[in-house]
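Engineer: Sharing a structure here in structure tokens format.
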Amino acid sequence: MTGHERETISTDMPPWKSPVVLSVALHLLIVVVALAGWSWTSPVQEPEPRTISARLISPEPKPSPVIDEQDQRDKEQERRQQEEKEQQQAEAERKRQQEEARKKEAEAQARKREEERKQQEAKARELAEQQAREKEAARQKAEAEAKERARQKAEQEQRAREEAKRKADEEQRRREQAERERQEQQAREEADRKRKEAERRLQERQLEALAEQSRQEREAEARRQQEAAAAQAREAQMLTDSEKYQALIRERLSQAWYPPSSATENMTARLQITLLPTGELANVRLVSSSGNTAFDNSALGAVRSLNRYPVPGNRDTFERYFRQFTIEFNPQRLR
């Protein structure tokens, strides 16, 4: 049959029997089956998106109204064969997709088993490492315990040595202390002996000093008595000399004094005379006035009129009685 005849035959076919519609429906069926089969599986990894391959069949030219029955049968047979072929293809595609899904699931299972194997290996390695760490920790602990035992033993030995040294030092100190105490005792005894000897000598010296002091006191007393006697003798001599020279001075002044006519017996002028060791007048001062100026001046004139006063040659007598003395002028007496 020619193409023109096919167009004529297919002109009266209903639309839903069109190859295009059948092809689209078949592909949709395949997609639904594939989706249903994919949803029943539980792949580990999500499968790649499926692509739908569709083939567009251009509509055949409408057949002519005159249809041959044989051609109709052939066309129907051809259509059934085409449908069967498409069904076979769809079935093959479905099986292929199922096979791919099974492969993917198998691959996912294999990957899962591989992951589990790797996890088991990692766990095994971790367990081995843990055991190794524990073994190393046990070894280190054993070494630490051995070191600690060795350290404790060394410390015990060190303490024993230190204790022995301490006892030896203590014994040495005890012997030295005993020696020091013995020496100190000897030193104390020697010091006590020397102290007693020094006390004895001191007592002897004190006794000698007391005796010497007593002798010196007796001698000093004798000297004092002698000096006192000499002093008394000198004093008596000085008093005698002073009285003699005082009498001479009063006599000289009485001879040189000329009281004024207005003088009365009640008038007295007191003068202080200072002499030099040679007997020369150093100074004269009116100590107590008579109340009459002429009387006072006459007394002063009499004192100044003497060029030299009679004084003793003994310096002590002069210093005591004639260096400075006081004399009273009265018409009745000179004192």
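Residue numbers start at 1 in each chain; chains themselves are named A, B, ... in the order of the structure tokens; ligands are numbered from 1 in the order shown.
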Taking 5 positions as the minimum chain separation for residues in the same chain, which residues sit within 10 Å of Leu253 of chain A when counting only C-alpha atoms? Answer as a PyMOL selection string.
Structural biologist: chain A and resi 247-248+258+299+301-306+309+329+334
Engineer: Could you take the residues named above and write them with C-alpha atoms, as an mmCIF file, in the first residue's frame?
Structural biologist:
data_model
loop_
_atom_site.group_PDB
_atom_site.id
_atom_site.type_symbol
_atom_site.label_atom_id
_atom_site.label_comp_id
_atom_site.auth_asym_id
_atom_site.auth_seq_id
_atom_site.Cartn_x
_atom_site.Cartn_y
_atom_site.Cartn_z
ATOM 1 C CA ALA A 247 99.008 101.872 168.316
ATOM 2 C CA LEU A 248 101.860 103.414 166.300
ATOM 3 C CA TYR A 258 94.322 119.224 164.404
ATOM 4 C CA ALA A 299 90.364 113.986 159.806
ATOM 5 C CA GLY A 301 93.811 115.913 156.075
ATOM 6 C CA ALA A 302 95.478 114.175 158.990
ATOM 7 C CA VAL A 303 95.329 110.801 157.148
ATOM 8 C CA ARG A 304 96.734 112.273 153.940
ATOM 9 C CA SER A 305 99.472 114.212 155.777
ATOM 10 C CA LEU A 306 101.433 111.054 156.650
ATOM 11 C CA TYR A 309 102.544 104.491 157.826
ATOM 12 C CA PHE A 329 88.394 110.277 164.806
ATOM 13 C CA LEU A 334 91.326 107.621 168.109
#
Engineer: For the atom pair atom CA of Val24 of chain A and atom CA of Ala92 of chain A, what is the interatomic distance in Å to one decimal place?
Structural biologist: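 Between these atoms lies a distance of 16.8 Å.
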Engineer: Could you pull out the alpha helix (DSSP H) residues of segment 213-288 of chain A from DSSP and send them as a PyMOL selection string?
Structural biologist: chain A and resi 213-256
Engineer: For the selection you just gave me, I'd like the residues written to a file as a short mmCIF file (atom, residue, chain, number, x, y, z; two decimals), in the first residue's frame, keeping C-alpha atoms.
Structural biologist:
data_model
loop_
_atom_site.label_atom_id
_atom_site.label_comp_id
_atom_site.auth_asym_id
_atom_site.auth_seq_id
_atom_site.Cartn_x
_atom_site.Cartn_y
_atom_site.Cartn_z
CA GLN A 213 95.60 55.72 156.17
CA SER A 214 95.56 55.45 159.92
CA ARG A 215 99.27 56.27 160.02
CA GLN A 216 98.75 59.18 157.62
CA GLU A 217 95.77 60.39 159.63
CA ARG A 218 97.83 60.25 162.76
CA GLU A 219 100.63 62.10 161.04
CA ALA A 220 98.16 64.57 159.52
CA GLU A 221 96.58 65.08 162.90
CA ALA A 222 99.95 65.67 164.38
CA ARG A 223 100.77 68.08 161.59
CA ARG A 224 97.42 69.79 162.05
CA GLN A 225 98.06 70.10 165.73
CA GLN A 226 101.51 71.41 165.04
CA GLU A 227 100.18 73.75 162.39
CA ALA A 228 97.34 74.83 164.67
CA ALA A 229 99.85 75.52 167.39
CA ALA A 230 102.04 77.34 164.91
CA ALA A 231 99.00 79.18 163.57
CA GLN A 232 97.96 80.10 167.05
CA ALA A 233 101.46 81.28 167.71
CA ARG A 234 101.51 83.18 164.45
CA GLU A 235 98.05 84.52 165.16
CA ALA A 236 99.14 85.62 168.58
CA GLN A 237 102.24 87.12 167.10
CA MET A 238 100.21 88.77 164.32
CA LEU A 239 97.74 90.08 166.87
CA THR A 240 100.55 91.37 168.97
CA ASP A 241 102.19 92.93 165.91
CA SER A 242 98.88 94.39 164.74
CA GLU A 243 98.16 95.89 168.11
CA LYS A 244 101.66 97.36 168.23
CA TYR A 245 101.47 98.86 164.74
CA GLN A 246 97.87 100.02 165.23
CA ALA A 247 99.01 101.87 168.32
CA LEU A 248 101.86 103.41 166.30
CA ILE A 249 99.47 104.50 163.53
CA ARG A 250 97.02 106.02 166.04
CA GLU A 251 99.88 107.86 167.65
CA ARG A 252 101.12 109.23 164.33
CA LEU A 253 97.59 110.33 163.28
CA SER A 254 96.97 111.90 166.71
CA GLN A 255 100.12 113.91 166.25
CA ALA A 256 99.14 114.99 162.73
#
Engineer: Residues within 8 Å of Thr326 of chain A, please, as a ChimeraX atom specification. Count only C-alpha atoms; anything in the same chain fewer than 2 positions from it doesn't count.
Structural biologist: /A:270-273,324,328
Engineer: Kindly indicate which residue among A:Pro331, A:Leu26, A:Ala106, A:Gln72 lies nearest to Glu84 of chain A, using only C-alpha atoms for the distances.
Structural biologist: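 Selected residue with least distance to Glu84 of chain A: A:Leu26.
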Engineer: Need the shell around segment 274-291 of chain A: protein/DNA/RNA residues with any atom at most 7 Å away, counting only C-alpha atoms. Skip same-chain ones fewer than 4 positions apart. Format as a PyMOL selection string?
Structural biologist: chain A and resi 267-270+295-296+307-311+322-325
Engineer: From a backbone DSSP assignment, name each residue in segment 184-326 of chain A labelled strand (DSSP E), as a list in words.
Structural biologist: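 These are the residues in question: Ala269, Arg270, Leu271, Gln272, Ile273, Thr274, Leu275, Leu281, Ala282, Asn283, Val284, Arg285, Leu286, Val287, Ser288, Gln324, Phe325 and Thr326 of chain A.
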Engineer: Just checking: using only C-alpha atoms, which residue out of A:Ala144, A:Ile327, A:Leu202, A:Leu22 ends up closest to Glu83 of chain A?
Structural biologist: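 Nearest to Glu83 of chain A: A:Leu22.
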